4 protein chains.
Amino acid sequence: MLNVGVIGTGMIGQDHIRRMTQVLSGVKVVAVTDVNPALAAEVGARVGAAVLASGEDVIADPAVDAVVVCSWGPSHGQYVLASIAAGKPVFCEKPLATTQQDGLRIVEAEAAHGSRLVQVGFMRRYDAAYRALKAVADAGDIGTPLMMHCAHRNPIVPDDYSSQSAIVDTAVHEIDMVRWMFGQEITAARVLIPRKSRNGGDLQDPLLLLLETADGVLVDVEISVNIRYGYDIRGEIIGEDGTAALGELSPVSVRRLGQLSAPVPADWRERFILAYDVEVQEWIDSIADGGAPLGPSSWDGYAAAVVSDAGVEALRTGNRVQVALVEQPKLYRAVPVPS
Amino acid sequence: MLNVGVIGTGMIGQDHIRRMTQVLSGVKVVAVTDVNPALAAEVGARVGAAVLASGEDVIADPAVDAVVVCSWGPSHGQYVLASIAAGKPVFCEKPLATTQQDGLRIVEAEAAHGSRLVQVGFMRRYDAAYRALKAVADAGDIGTPLMMHCAHRNPIVPDDYSSQSAIVDTAVHEIDMVRWMFGQEITAARVLIPRKSRNGGDLQDPLLLLLETADGVLVDVEISVNIRYGYDIRGEIIGEDGTAALGELSPVSVRRLGQLSAPVPADWRERFILAYDVEVQEWIDSIADGGAPLGPSSWDGYAAAVVSDAGVEALRTGNRVQVALVEQPKLYRAVPVPS
Amino acid sequence: MLNVGVIGTGMIGQDHIRRMTQVLSGVKVVAVTDVNPALAAEVGARVGAAVLASGEDVIADPAVDAVVVCSWGPSHGQYVLASIAAGKPVFCEKPLATTQQDGLRIVEAEAAHGSRLVQVGFMRRYDAAYRALKAVADAGDIGTPLMMHCAHRNPIVPDDYSSQSAIVDTAVHEIDMVRWMFGQEITAARVLIPRKSRNGGDLQDPLLLLLETADGVLVDVEISVNIRYGYDIRGEIIGEDGTAALGELSPVSVRRLGQLSAPVPADWRERFILAYDVEVQEWIDSIADGGAPLGPSSWDGYAAAVVSDAGVEALRTGNRVQVALVEQPKLYRAVPVPS
Amino acid sequence: MLNVGVIGTGMIGQDHIRRMTQVLSGVKVVAVTDVNPALAAEVGARVGAAVLASGEDVIADPAVDAVVVCSWGPSHGQYVLASIAAGKPVFCEKPLATTQQDGLRIVEAEAAHGSRLVQVGFMRRYDAAYRALKAVADAGDIGTPLMMHCAHRNPIVPDDYSSQSAIVDTAVHEIDMVRWMFGQEITAARVLIPRKSRNGGDLQDPLLLLLETADGVLVDVEISVNIRYGYDIRGEIIGEDGTAALGELSPVSVRRLGQLSAPVPADWRERFILAYDVEVQEWIDSIADGGAPLGPSSWDGYAAAVVSDAGVEALRTGNRVQVALVEQPKLYRAVPVPS
C-alpha cells in the first residue's frame, strides 16, 4: 500500500484524491494540505487523511511515501524540487514549471540525484485510443510517419483565457503527445492565424500551430477553444503507405429525426477520465516497491515548456521559431519512452 | 476495506483476484479455496490470502466479509445457499444455478432471509455501451421500443461446446440483457436453424434465437460461435420513431492497402474487461458498509435459467415455448432494476 | 436510338419519362397513354410524344420499339401479355402481376415465345451498394453465406396501406433481392408480430418476415413503415468467416450541438434514384440492337409473387408457409443471374 | 439535341465522348479531331462523328453547336479563344490556360464578347459530397467558416510528375473548390515541406499547402501523391459552432480477419465518375437552348492559375506569397457562384 500526500485540494486535487480513494488499487491518501486550510481540513476529514500546514510539511512527513502536486501552477516547481531533495517520488500535474528555467532546474536537480523521481501529468500517453494509434505507427503498418493532423477543440473557455493559454495550457498536450508518439524532439514551431470566431470575444481563436520534429515530421494542430459543439480531440498520422487516426469511440449511435448520430464528449473529463485512472494506477504500480516512475519525466516537462515558449513567440512574432533545448542528461536517455 | 473470500481459483477466479488485488479500490482478498489445493495454495500465496480447505470454510471464516463464487458451475448453488445461511453477501459468477429448480431454491432462501445478499455476474449491465444504449431507450428519444436485433459472435468455441451451450452459456447474456434493458420478463422463446457453418463441425452453428417480452418486444439474437473474424457483440433497438444501437468503439482507424479499417475485439476479455471492473467495484461499493447489492439478483439468475431452459426446448422441438416463472417474491419487486 | 412507348403517365410513369428524356442516353419517348386522357395529353405534349388512346394502341404502334408499363398494378399483366404477343420488349414496373396465376401466364407466354422480352422493375439489383455487397459475397471473402439481416424502414405510409401491403408492396423488394443475392429460390416464409407502433394506427407495424432459401440461408427482414426518422434500407450477410453489410453512404458528416451526425435519406427516391437510372439505362442498352433484356425476368416476377403470397398467408395464419413454384422453364435457366 | 465537336481524342477526350454517347441525354458528338489523325479517325468512326483536320475546323463546322476541348494543356487557350471568336459555347478541360497571362487573355476576350461562353472542367463542384458539404456550410448550421482541412491523396504518380505538378495539376482542384465553397478569392499561399516519402523517389512528397481567403479562412491542404493505399479526397470545414466534413461514402462494410473495413476508391475515376456525368449533363442542359453556361467560368480558370502560380512560388521560395488578381470584369460579378 503506497501512502500518498497531496499538495493542493482544489478541483484537480480532489479528483485525484477521489481516484486514489475510491477507484484505484494499492494506494492510500495519508496527508493533505492547501493554501486554503479550511478546504484542506474538509477534504482531509472526508478521507481520513492528516491535514498539514504546508506542502513542505507533507513532503517531510515520514508517513508519506510519495507526493502528488496539484497546487497553483507557479508553485509546482518548488514542491517538486523539495520532493527531489527529500528523495521522494513526486507526481506533478502539468505544468512541471511555468518557465523553462524552472523546468531546467528540476531536470538538473533530478539528474544530480541520479535516478528518476518525477512524473509529469501528461495523461494522453495513457489514453487507449492514443496507445492504439502509437501501436499502429510503431508497427510500421503505414510506413514511416511524415505528417500528423491534430485538432484540439473545447466548447468554451473561461474569461481569463488568452491566446497564450491556447499554446501553454491547451496545445501543450499535443506538444507532449507528438514527442512521445514519434520518439523525437520538436525542433521548430510556427502559428498561423485564421479568421476569428465571434464566440471568443477579443480572443484570437482558432489558431493553427505547426510543429516540426527532428526527423522532419510536420504536425498541424487546430486549436479551437470556443467551438460549442463539444470537446473533441482528433489526430491522424500520415505515413508513406497509409494513415492511422484516433477512432470515433461512440458508445451508441442513434437514428432519429432524419439523422444518424453519435454523441461527442462534453468535456475533457468525459473524454479522458479512464486515461487519468490508468495514468495514476501505472504511476502507483511503478513506484510501489521503490521503483522509478516510467511515465513522462522532468525532461518531458522541461521540453514541453521550451516548445510552448517557442509557440508563444511564434504567435507573437509570426515567425518560425526554433526550439533550443539543453543537452539531455544521461538519466533521461537511459529511460526509454514507454510505449 | 472489504475482506473477500474467493471459492474457486481457476481462470475466472484468478482474474477476479487480480482485479480485486491490483485494480479495484476498497477490497482485500483474505481467503481462497479450490478443488485443486495446490492451485489454491499457489494463488493464495501470491496475494497473501489464507488458503482454506473448502468453500464452506471460506464462508464460515470470520475474517471473510463477503464471498465470491467462481467454482465449477454445478457447485455454485450450494455455496450461494451456504452464504445466505451465513448471512454473508455473495457474488456468484454465472450461472447462479444449472437448473431452474436450484435457482428457485436460492430465490426462496434469500426471500426467507428477507434482504438481498446475492449478486449474479451478468457483466453486460456494467458495459458503457449498453448503459448508453439503455439511457437513450429510457429517455424516450426513439419512442417505445418494439423490437431489438442482437448478434453474439465468437471466433471459435471449444470442442465440448454443444448447440445447447449456444443458449445456456452464450445467449444467456442476451437473455439477461433484454430483461434489464426493457425492465420486463421474457415470455416466450423460439429458435430457427440456418444453414450450418463448416467451421463448427457437427455443431449446429449459427442459430437465430427469438425472444418475446411481456409487452411484446420481439428480440432476434444471431448466435454465431465459430465466425473466425473476431468477438463481436451488437445490438440495435427499434423504437416507434427511431433506433438506437451499440456504437463501434474502435480506438483507431487505419487506411492502408485499399481499405479503411478498424480492429474488432479478439475475444470477450478485450471487449468487456472494463465492464468486469465496474461490475465488481460497484458490488464492493454497494455492500461495503453493510448495504445490499444493487446488481443482478437471485431472481435475475433464476429467470435467466428458466428462459434458457425454454430456449433449449425450443431448439429441441422447433416450437415456440412459453416461459413459466413462479410468482416474484416481494423482495425483488422492492428493488428497482438499476439503470 | 430506342423508341419507347409508355403506358401510364402517373407518378412513376412521369418519372421514367423524365429519366428517358432528360437523363439517359440512346432512348426517345415516342408514344404515351393513360386512363386519364387529359393527363396523357399534357405529358405527351411536354416531351413531343404521340398521345394514343390505349395501351394496346401503344403496343401496336409501329413507331414503338419497346414498351414501358407504369399503369395501375392490376392492369400490368394484360399489357405485358400483349407486348409478348406483339414480340416487343417490355419493361414492367413491379408487380409483374397481382396474382401468381397471372404471373405464371406471363412466364408461359414468354417461354412459348422462346426468348426473353420481359424485364420487371426490381431496381435494387442496380444499386451500387447492393452490387458491392453481392461482389463481396460472391468473391467468397466471408465464406459461404448462412444468414442475412435486413431492415426496410419507411418514415410513413398512406392510409390505405395494410399489413398485407407490408409484404406485397414493401418486402417484395427484399424477396427479389434475396433470390438475386444468393442465386437461389426462397422455399418458405414466416412472419412474427412485434409490439405495435402507435404511429401506424390500426396497422400491425412493424413485422418480422423470415425467409428460407433452397440452401438454407435464413433471412430476417424487419419491416417498419411508420418509423418517422427516414427511409433506411439495411442488409448484412452472415458468412462462415465474416460478414458484409450495406455501407452508410452519407455524403457529409456534421459535428454540432453535441452530436456527430449524418443525414438519413428522406424517402426511396433519394435512396434509389441512381439505381433507377442504371436500371433503365442497362435495359435500353441490352435491347437497343435487338438483344434480350438481362435484368429481372418474368420468372423473377412470378417467383416474387408466389413468395409474397406465402408471406401473406404466413402473416394471416402465424404458420411457416412453404413456397411452391412450378417447374422453371428452360428459358430462364439459360439466362444466368446477372452479377 | 446539342451537337458537340470534340478537340482531342486522348484518354479524357474518349471518356467525354463515351459519356456524351452512352450515358447522357440531349447530346450528340458530331465531329472530332486530334493531333493523331489515326486516333481521331478510329474514335470518330466508333461514334459516327465527322473526323476533321484541326481544332479550328471543328470550331468552324456549322454542324457543331458547342465545343469540348480535351487536347494537350498548352493548346487549350487557343481553342477557347477561337471558340469565343466564333461565338460558340466551349467546355474546356482544366487547365483553362497554362499561364495566367493566357488565362487573362481569355477572360478579356469573353468579357469583350459580353456574355459567358466558356466553362472550365472543375468537376468537384458537381460531386454530391462536396455539394452536401457546401449546403451545410451555406445554411449556417456550423456558424461562419474559419478554417478548412483538406487532403488530396493519390496512390501513385507518373515519373514525369514534379513538385510543381503537385500544385498546378493536383492541388488546383482544391484551389478551385475553396473559391467556390466560400464564394471568395484566395489571397495568399504558403507551402510547408514535411519529411519526404521514399515512395516518391526524388520528388518532394508530401507537401502542406496553406491558403488564405479574402475573409481570412485558413485552408490547409495535405498533398500526398504516392501514398499507395488509394485515392482519397477529404475535407472538413471548421466553423464557429461546429464542423462539417465530406462523408465516407463506402458502399459496403466487411468484417473479416479481425477487421471492420470498407474499400477506399482506387483512383480519381472511381471517386468522381458521377461528378463528371453531372458536370457535363448540367453544361449541356444550360446551353441547350442558347443559354449561358452556369459552371466554372473563365474567371475561375484564370484565378486558379494565378493562385497556382503563387503556390509554385511559395514552394520555390519558402515564403508566404500574395495573390494578385486583376480587377474582375463585370460579366463575372453578374453570374452568381452556382450552389
# chains A, B, ... in the order shown; residues from 1 in each chain; ligands from 1
$ interface_residues --of "chain C" --to "chain A" --cutoff "7 Å" --atoms "only C-alpha atoms" --output "JSON, numbers by chain"
{"C": [229, 230, 255, 256, 257, 258, 259, 260, 261, 262, 263, 264, 266]}
$ write_last_selection --atoms "C-alpha atoms" --output "tab-separated table (two decimals), in the first residue's frame"
chain	number	residue	atom	x	y	z
C	229	TYR	CA	-36.82	9.21	-38.84
C	230	GLY	CA	-36.24	8.47	-42.52
C	255	ARG	CA	-20.43	17.97	-35.71
C	256	ARG	CA	-22.71	20.36	-33.89
C	257	LEU	CA	-24.77	20.62	-30.74
C	258	GLY	CA	-23.04	17.73	-29.01
C	259	GLN	CA	-23.52	15.27	-31.87
C	260	LEU	CA	-21.61	13.83	-34.78
C	261	SER	CA	-24.31	13.22	-37.32
C	262	ALA	CA	-25.01	12.28	-40.91
C	263	PRO	CA	-28.27	12.62	-42.83
C	264	VAL	CA	-30.51	9.61	-43.48
C	266	ALA	CA	-35.85	11.09	-46.56
$ residues_around --residues "B:Asp65" --least-positions-apart "5" --cutoff "7 Å" --atoms "only C-alpha atoms" --output "VMD selection string"
chain B and resid 2 to 4 88
$ residues_around --residues "stretch 141-143 of chain D" --least-positions-apart "4" --cutoff "6 Å" --atoms "only C-alpha atoms" --output "number ranges by chain"
D: 239-243
$ residues_around --residues "A:Asp127" --least-positions-apart "6" --cutoff "12 Å" --atoms "only C-alpha atoms" --output "ChimeraX atom specification"
/A:133-134,177,233,246-247,249,268,271-279,339 /B:251-252
$ select_by_dssp --residues "stretch 132-167 of chain A" --states "strand (DSSP E or B)" --output "list in words"
Pro145, Leu146, Met147, Met148, His149, Cys150, Ala151, His152 and Arg153 of chain A
$ closest_residue --among "D:Ala304, D:Val191, D:Gln184, D:Ile156" --to "D:Ser224" --atoms "only C-alpha atoms"
D:Ile156
$ residues_around --residues "D:Arg316" --least-positions-apart "4" --cutoff "9 Å" --atoms "only C-alpha atoms" --output "list in words"
Gln164, Val191, Gly311 and Val312 of chain D
$ residues_around --residues "A:Cys92" --least-positions-apart "2" --cutoff "9 Å" --atoms "only C-alpha atoms" --output "list in words"
Val67, Val68, Val69, Cys70, His76, Gly77, Tyr79, Val80, Val90, Lys94, Pro95, Leu96, Val118, Gln119, Val120 and Gly121 of chain A
$ residues_around --residues "C:Ser286" --least-positions-apart "2" --cutoff "12 Å" --atoms "only C-alpha atoms" --output "list in words"
Leu2, Gly26, Ala66, Pro89, Phe91, Arg116, Leu117, Val118, Gln119, Val278, Glu279, Val280, Gln281, Glu282, Trp283, Ile284, Ala288, Asp289, Gly290, Gly291, Ala292, Pro293, Leu294 and Gly295 of chain C
$ write_last_selection --atoms "C-alpha atoms" --output "PDB file, in the first residue's frame"
ATOM      1  CA  LEU C   2     -34.603   3.210 -78.940  1.00  0.00           C
ATOM      2  CA  GLY C  26     -29.992   6.341 -76.578  1.00  0.00           C
ATOM      3  CA  ALA C  66     -40.257  -1.215 -76.757  1.00  0.00           C
ATOM      4  CA  PRO C  89     -39.549  -5.896 -75.364  1.00  0.00           C
ATOM      5  CA  PHE C  91     -40.228  -3.140 -69.093  1.00  0.00           C
ATOM      6  CA  ARG C 116     -36.848 -13.128 -73.231  1.00  0.00           C
ATOM      7  CA  LEU C 117     -38.883  -9.982 -73.838  1.00  0.00           C
ATOM      8  CA  VAL C 118     -39.900  -9.010 -70.313  1.00  0.00           C
ATOM      9  CA  GLN C 119     -37.977  -7.157 -67.609  1.00  0.00           C
ATOM     10  CA  VAL C 278     -28.843   2.499 -64.026  1.00  0.00           C
ATOM     11  CA  GLU C 279     -31.736   0.042 -64.274  1.00  0.00           C
ATOM     12  CA  VAL C 280     -33.368   1.770 -67.215  1.00  0.00           C
ATOM     13  CA  GLN C 281     -30.090   2.591 -68.985  1.00  0.00           C
ATOM     14  CA  GLU C 282     -28.972  -1.038 -68.756  1.00  0.00           C
ATOM     15  CA  TRP C 283     -32.359  -2.150 -70.050  1.00  0.00           C
ATOM     16  CA  ILE C 284     -32.079   0.229 -73.005  1.00  0.00           C
ATOM     17  CA  ALA C 288     -31.074  -1.500 -78.246  1.00  0.00           C
ATOM     18  CA  ASP C 289     -29.746  -3.722 -81.003  1.00  0.00           C
ATOM     19  CA  GLY C 290     -32.434  -6.370 -80.788  1.00  0.00           C
ATOM     20  CA  GLY C 291     -30.895  -8.115 -77.794  1.00  0.00           C
ATOM     21  CA  ALA C 292     -32.754  -9.703 -74.902  1.00  0.00           C
ATOM     22  CA  PRO C 293     -33.105  -7.949 -71.557  1.00  0.00           C
ATOM     23  CA  LEU C 294     -30.642  -9.091 -68.884  1.00  0.00           C
ATOM     24  CA  GLY C 295     -32.434  -7.835 -65.769  1.00  0.00           C
TER      25      GLY C 295
END
$ select_by_dssp --residues "stretch 113-222 of chain B" --states "helix (DSSP H, G or I)" --output "PyMOL selection string"
chain B and resi 113+123-126+128-138+163-182+198-200
$ write_last_selection --atoms "N, CA, C and O atoms" --output "short mmCIF file (atom, residue, chain, number, x, y, z; two decimals), in the first residue's frame"
data_model
loop_
_atom_site.label_atom_id
_atom_site.label_comp_id
_atom_site.auth_asym_id
_atom_site.auth_seq_id
_atom_site.Cartn_x
_atom_site.Cartn_y
_atom_site.Cartn_z
N HIS B 113 -34.74 -15.04 3.97
CA HIS B 113 -33.77 -14.22 4.72
C HIS B 113 -34.28 -12.79 4.87
O HIS B 113 -34.01 -12.12 5.87
N MET B 123 -22.27 -9.28 -16.46
CA MET B 123 -21.47 -8.06 -16.52
C MET B 123 -21.90 -7.06 -17.58
O MET B 123 -21.48 -5.91 -17.56
N ARG B 124 -22.76 -7.49 -18.51
CA ARG B 124 -23.12 -6.55 -19.59
C ARG B 124 -23.84 -5.31 -19.06
O ARG B 124 -23.80 -4.26 -19.69
N ARG B 125 -24.54 -5.49 -17.95
CA ARG B 125 -25.24 -4.33 -17.38
C ARG B 125 -24.26 -3.22 -16.98
O ARG B 125 -24.68 -2.11 -16.67
N TYR B 126 -22.98 -3.55 -16.94
CA TYR B 126 -21.96 -2.58 -16.49
C TYR B 126 -21.11 -2.07 -17.64
O TYR B 126 -20.17 -1.30 -17.44
N ALA B 128 -20.19 0.21 -20.71
CA ALA B 128 -20.52 1.61 -21.02
C ALA B 128 -21.43 1.73 -22.23
O ALA B 128 -22.34 2.57 -22.26
N ALA B 129 -21.22 0.88 -23.24
CA ALA B 129 -22.04 0.98 -24.46
C ALA B 129 -23.48 0.55 -24.18
O ALA B 129 -24.43 1.22 -24.58
N TYR B 130 -23.66 -0.57 -23.47
CA TYR B 130 -25.02 -0.99 -23.13
C TYR B 130 -25.71 0.05 -22.25
O TYR B 130 -26.91 0.30 -22.37
N ARG B 131 -24.96 0.64 -21.33
CA ARG B 131 -25.58 1.66 -20.47
C ARG B 131 -26.00 2.89 -21.28
O ARG B 131 -27.06 3.47 -21.04
N ALA B 132 -25.16 3.26 -22.24
CA ALA B 132 -25.53 4.40 -23.09
C ALA B 132 -26.76 4.06 -23.92
O ALA B 132 -27.65 4.90 -24.12
N LEU B 133 -26.83 2.83 -24.38
CA LEU B 133 -27.98 2.38 -25.18
C LEU B 133 -29.26 2.43 -24.33
O LEU B 133 -30.29 2.95 -24.77
N LYS B 134 -29.15 1.92 -23.11
CA LYS B 134 -30.32 1.92 -22.23
C LYS B 134 -30.75 3.35 -21.90
O LYS B 134 -31.94 3.65 -21.80
N ALA B 135 -29.77 4.22 -21.73
CA ALA B 135 -30.11 5.62 -21.42
C ALA B 135 -30.90 6.26 -22.56
O ALA B 135 -31.87 6.99 -22.32
N VAL B 136 -30.52 5.97 -23.79
CA VAL B 136 -31.26 6.51 -24.93
C VAL B 136 -32.68 5.94 -24.97
O VAL B 136 -33.66 6.66 -25.17
N ALA B 137 -32.78 4.62 -24.76
CA ALA B 137 -34.10 3.98 -24.80
C ALA B 137 -34.99 4.52 -23.68
O ALA B 137 -36.15 4.87 -23.90
N ASP B 138 -34.41 4.62 -22.47
CA ASP B 138 -35.20 5.08 -21.32
C ASP B 138 -35.63 6.53 -21.47
O ASP B 138 -36.68 6.94 -20.96
N SER B 163 -24.87 -27.30 -29.12
CA SER B 163 -25.90 -26.34 -29.51
C SER B 163 -26.60 -25.81 -28.27
O SER B 163 -27.00 -24.65 -28.20
N GLN B 164 -26.75 -26.66 -27.29
CA GLN B 164 -27.35 -26.25 -26.03
C GLN B 164 -26.52 -25.15 -25.37
O GLN B 164 -27.06 -24.18 -24.82
N SER B 165 -25.19 -25.30 -25.44
CA SER B 165 -24.31 -24.27 -24.89
C SER B 165 -24.59 -22.91 -25.52
O SER B 165 -24.45 -21.86 -24.89
N ALA B 166 -24.95 -22.93 -26.81
CA ALA B 166 -25.20 -21.68 -27.52
C ALA B 166 -26.30 -20.88 -26.83
O ALA B 166 -26.31 -19.65 -26.85
N ILE B 167 -27.26 -21.61 -26.21
CA ILE B 167 -28.32 -20.93 -25.46
C ILE B 167 -27.87 -20.65 -24.04
O ILE B 167 -27.91 -19.52 -23.55
N VAL B 168 -27.44 -21.71 -23.36
CA VAL B 168 -27.24 -21.67 -21.91
C VAL B 168 -25.99 -20.88 -21.51
O VAL B 168 -25.98 -20.19 -20.49
N ASP B 169 -24.95 -20.97 -22.30
CA ASP B 169 -23.70 -20.28 -21.94
C ASP B 169 -23.51 -18.99 -22.71
O ASP B 169 -22.90 -18.04 -22.21
N THR B 170 -23.97 -18.96 -23.96
CA THR B 170 -23.70 -17.80 -24.82
C THR B 170 -24.86 -16.81 -24.79
O THR B 170 -24.72 -15.69 -24.30
N ALA B 171 -26.02 -17.24 -25.27
CA ALA B 171 -27.15 -16.31 -25.39
C ALA B 171 -27.71 -15.91 -24.03
O ALA B 171 -28.48 -14.96 -23.94
N VAL B 172 -27.33 -16.61 -22.95
CA VAL B 172 -27.82 -16.22 -21.63
C VAL B 172 -27.46 -14.78 -21.33
O VAL B 172 -28.19 -14.08 -20.61
N HIS B 173 -26.36 -14.28 -21.88
CA HIS B 173 -26.01 -12.87 -21.69
C HIS B 173 -27.05 -11.96 -22.34
O HIS B 173 -27.41 -10.93 -21.78
N GLU B 174 -27.52 -12.32 -23.54
CA GLU B 174 -28.56 -11.52 -24.16
C GLU B 174 -29.87 -11.66 -23.38
O GLU B 174 -30.64 -10.71 -23.26
N ILE B 175 -30.13 -12.86 -22.87
CA ILE B 175 -31.36 -13.07 -22.11
C ILE B 175 -31.41 -12.14 -20.90
O ILE B 175 -32.41 -11.46 -20.67
N ASP B 176 -30.32 -12.08 -20.15
CA ASP B 176 -30.33 -11.15 -19.02
C ASP B 176 -30.38 -9.71 -19.49
O ASP B 176 -31.10 -8.88 -18.92
N MET B 177 -29.61 -9.41 -20.53
CA MET B 177 -29.56 -8.02 -21.02
C MET B 177 -30.93 -7.52 -21.44
O MET B 177 -31.32 -6.39 -21.15
N VAL B 178 -31.69 -8.38 -22.14
CA VAL B 178 -33.01 -7.98 -22.61
C VAL B 178 -33.94 -7.70 -21.43
O VAL B 178 -34.67 -6.69 -21.42
N ARG B 179 -33.92 -8.55 -20.42
CA ARG B 179 -34.77 -8.34 -19.23
C ARG B 179 -34.44 -7.01 -18.57
O ARG B 179 -35.32 -6.26 -18.13
N TRP B 180 -33.13 -6.72 -18.49
CA TRP B 180 -32.67 -5.48 -17.86
C TRP B 180 -32.96 -4.27 -18.74
O TRP B 180 -33.44 -3.24 -18.27
N MET B 181 -32.70 -4.42 -20.03
CA MET B 181 -32.86 -3.29 -20.96
C MET B 181 -34.29 -2.78 -20.95
O MET B 181 -34.52 -1.58 -20.92
N PHE B 182 -35.25 -3.72 -20.98
CA PHE B 182 -36.64 -3.32 -21.13
C PHE B 182 -37.41 -3.37 -19.80
O PHE B 182 -38.58 -3.01 -19.76
N ARG B 198 -19.34 -24.65 -41.85
CA ARG B 198 -18.35 -25.72 -41.86
C ARG B 198 -17.38 -25.58 -40.68
O ARG B 198 -16.73 -26.53 -40.27
N ASN B 199 -17.28 -24.36 -40.15
CA ASN B 199 -16.29 -24.12 -39.09
C ASN B 199 -16.63 -24.84 -37.79
O ASN B 199 -15.77 -25.04 -36.94
N GLY B 200 -17.91 -25.20 -37.60
CA GLY B 200 -18.34 -25.78 -36.33
C GLY B 200 -18.39 -27.29 -36.36
O GLY B 200 -18.84 -27.90 -35.38
#
$ atom_distance --atom1 "atom CA of A:Pro74" --atom2 "atom CA of A:Ser308"
15.6 Å
$ decode --residues "stretch 104-110 of chain A" --atoms "all heavy atoms" --output "tab-separated table (two decimals), in the first residue's frame"
chain	number	residue	atom	x	y	z
A	104	LEU	N	14.24	23.51	-16.16
A	104	LEU	CA	15.63	23.06	-16.27
A	104	LEU	C	16.23	22.79	-14.88
A	104	LEU	O	16.97	21.83	-14.68
A	104	LEU	CB	16.46	24.12	-17.01
A	104	LEU	CG	17.90	23.76	-17.32
A	104	LEU	CD1	18.00	22.43	-18.08
A	104	LEU	CD2	18.56	24.88	-18.15
A	105	ARG	N	15.89	23.67	-13.93
A	105	ARG	CA	16.38	23.50	-12.57
A	105	ARG	C	15.96	22.12	-12.02
A	105	ARG	O	16.74	21.43	-11.36
A	105	ARG	CB	15.82	24.62	-11.68
A	105	ARG	CG	16.80	25.07	-10.61
A	105	ARG	CD	16.41	26.44	-10.05
A	105	ARG	NE	16.57	27.49	-11.06
A	105	ARG	CZ	15.72	28.51	-11.27
A	105	ARG	NH1	14.64	28.63	-10.52
A	105	ARG	NH2	15.97	29.39	-12.20
A	106	ILE	N	14.74	21.72	-12.30
A	106	ILE	CA	14.25	20.42	-11.82
A	106	ILE	C	15.01	19.29	-12.52
A	106	ILE	O	15.43	18.32	-11.88
A	106	ILE	CB	12.73	20.31	-12.07
A	106	ILE	CG1	12.01	21.30	-11.17
A	106	ILE	CG2	12.24	18.89	-11.83
A	106	ILE	CD1	10.54	21.51	-11.52
A	107	VAL	N	15.16	19.41	-13.83
A	107	VAL	CA	15.91	18.40	-14.58
A	107	VAL	C	17.30	18.22	-13.97
A	107	VAL	O	17.77	17.09	-13.73
A	107	VAL	CB	16.02	18.80	-16.07
A	107	VAL	CG1	17.10	18.01	-16.78
A	107	VAL	CG2	14.67	18.64	-16.77
A	108	GLU	N	17.95	19.36	-13.70
A	108	GLU	CA	19.32	19.29	-13.17
A	108	GLU	C	19.34	18.68	-11.77
A	108	GLU	O	20.22	17.89	-11.44
A	108	GLU	CB	19.94	20.68	-13.17
A	108	GLU	CG	20.26	21.15	-14.61
A	108	GLU	CD	20.60	22.64	-14.70
A	108	GLU	OE1	20.35	23.38	-13.71
A	108	GLU	OE2	21.09	23.05	-15.77
A	109	ALA	N	18.35	19.05	-10.95
A	109	ALA	CA	18.31	18.51	-9.58
A	109	ALA	C	18.10	17.00	-9.61
A	109	ALA	O	18.76	16.24	-8.90
A	109	ALA	CB	17.19	19.19	-8.79
A	110	GLU	N	17.19	16.56	-10.50
A	110	GLU	CA	16.90	15.13	-10.58
A	110	GLU	C	18.10	14.38	-11.16
A	110	GLU	O	18.45	13.28	-10.68
A	110	GLU	CB	15.64	14.89	-11.43
A	110	GLU	CG	15.15	13.46	-11.35
A	110	GLU	CD	13.90	13.22	-12.20
A	110	GLU	OE1	13.83	13.79	-13.32
A	110	GLU	OE2	13.02	12.46	-11.79
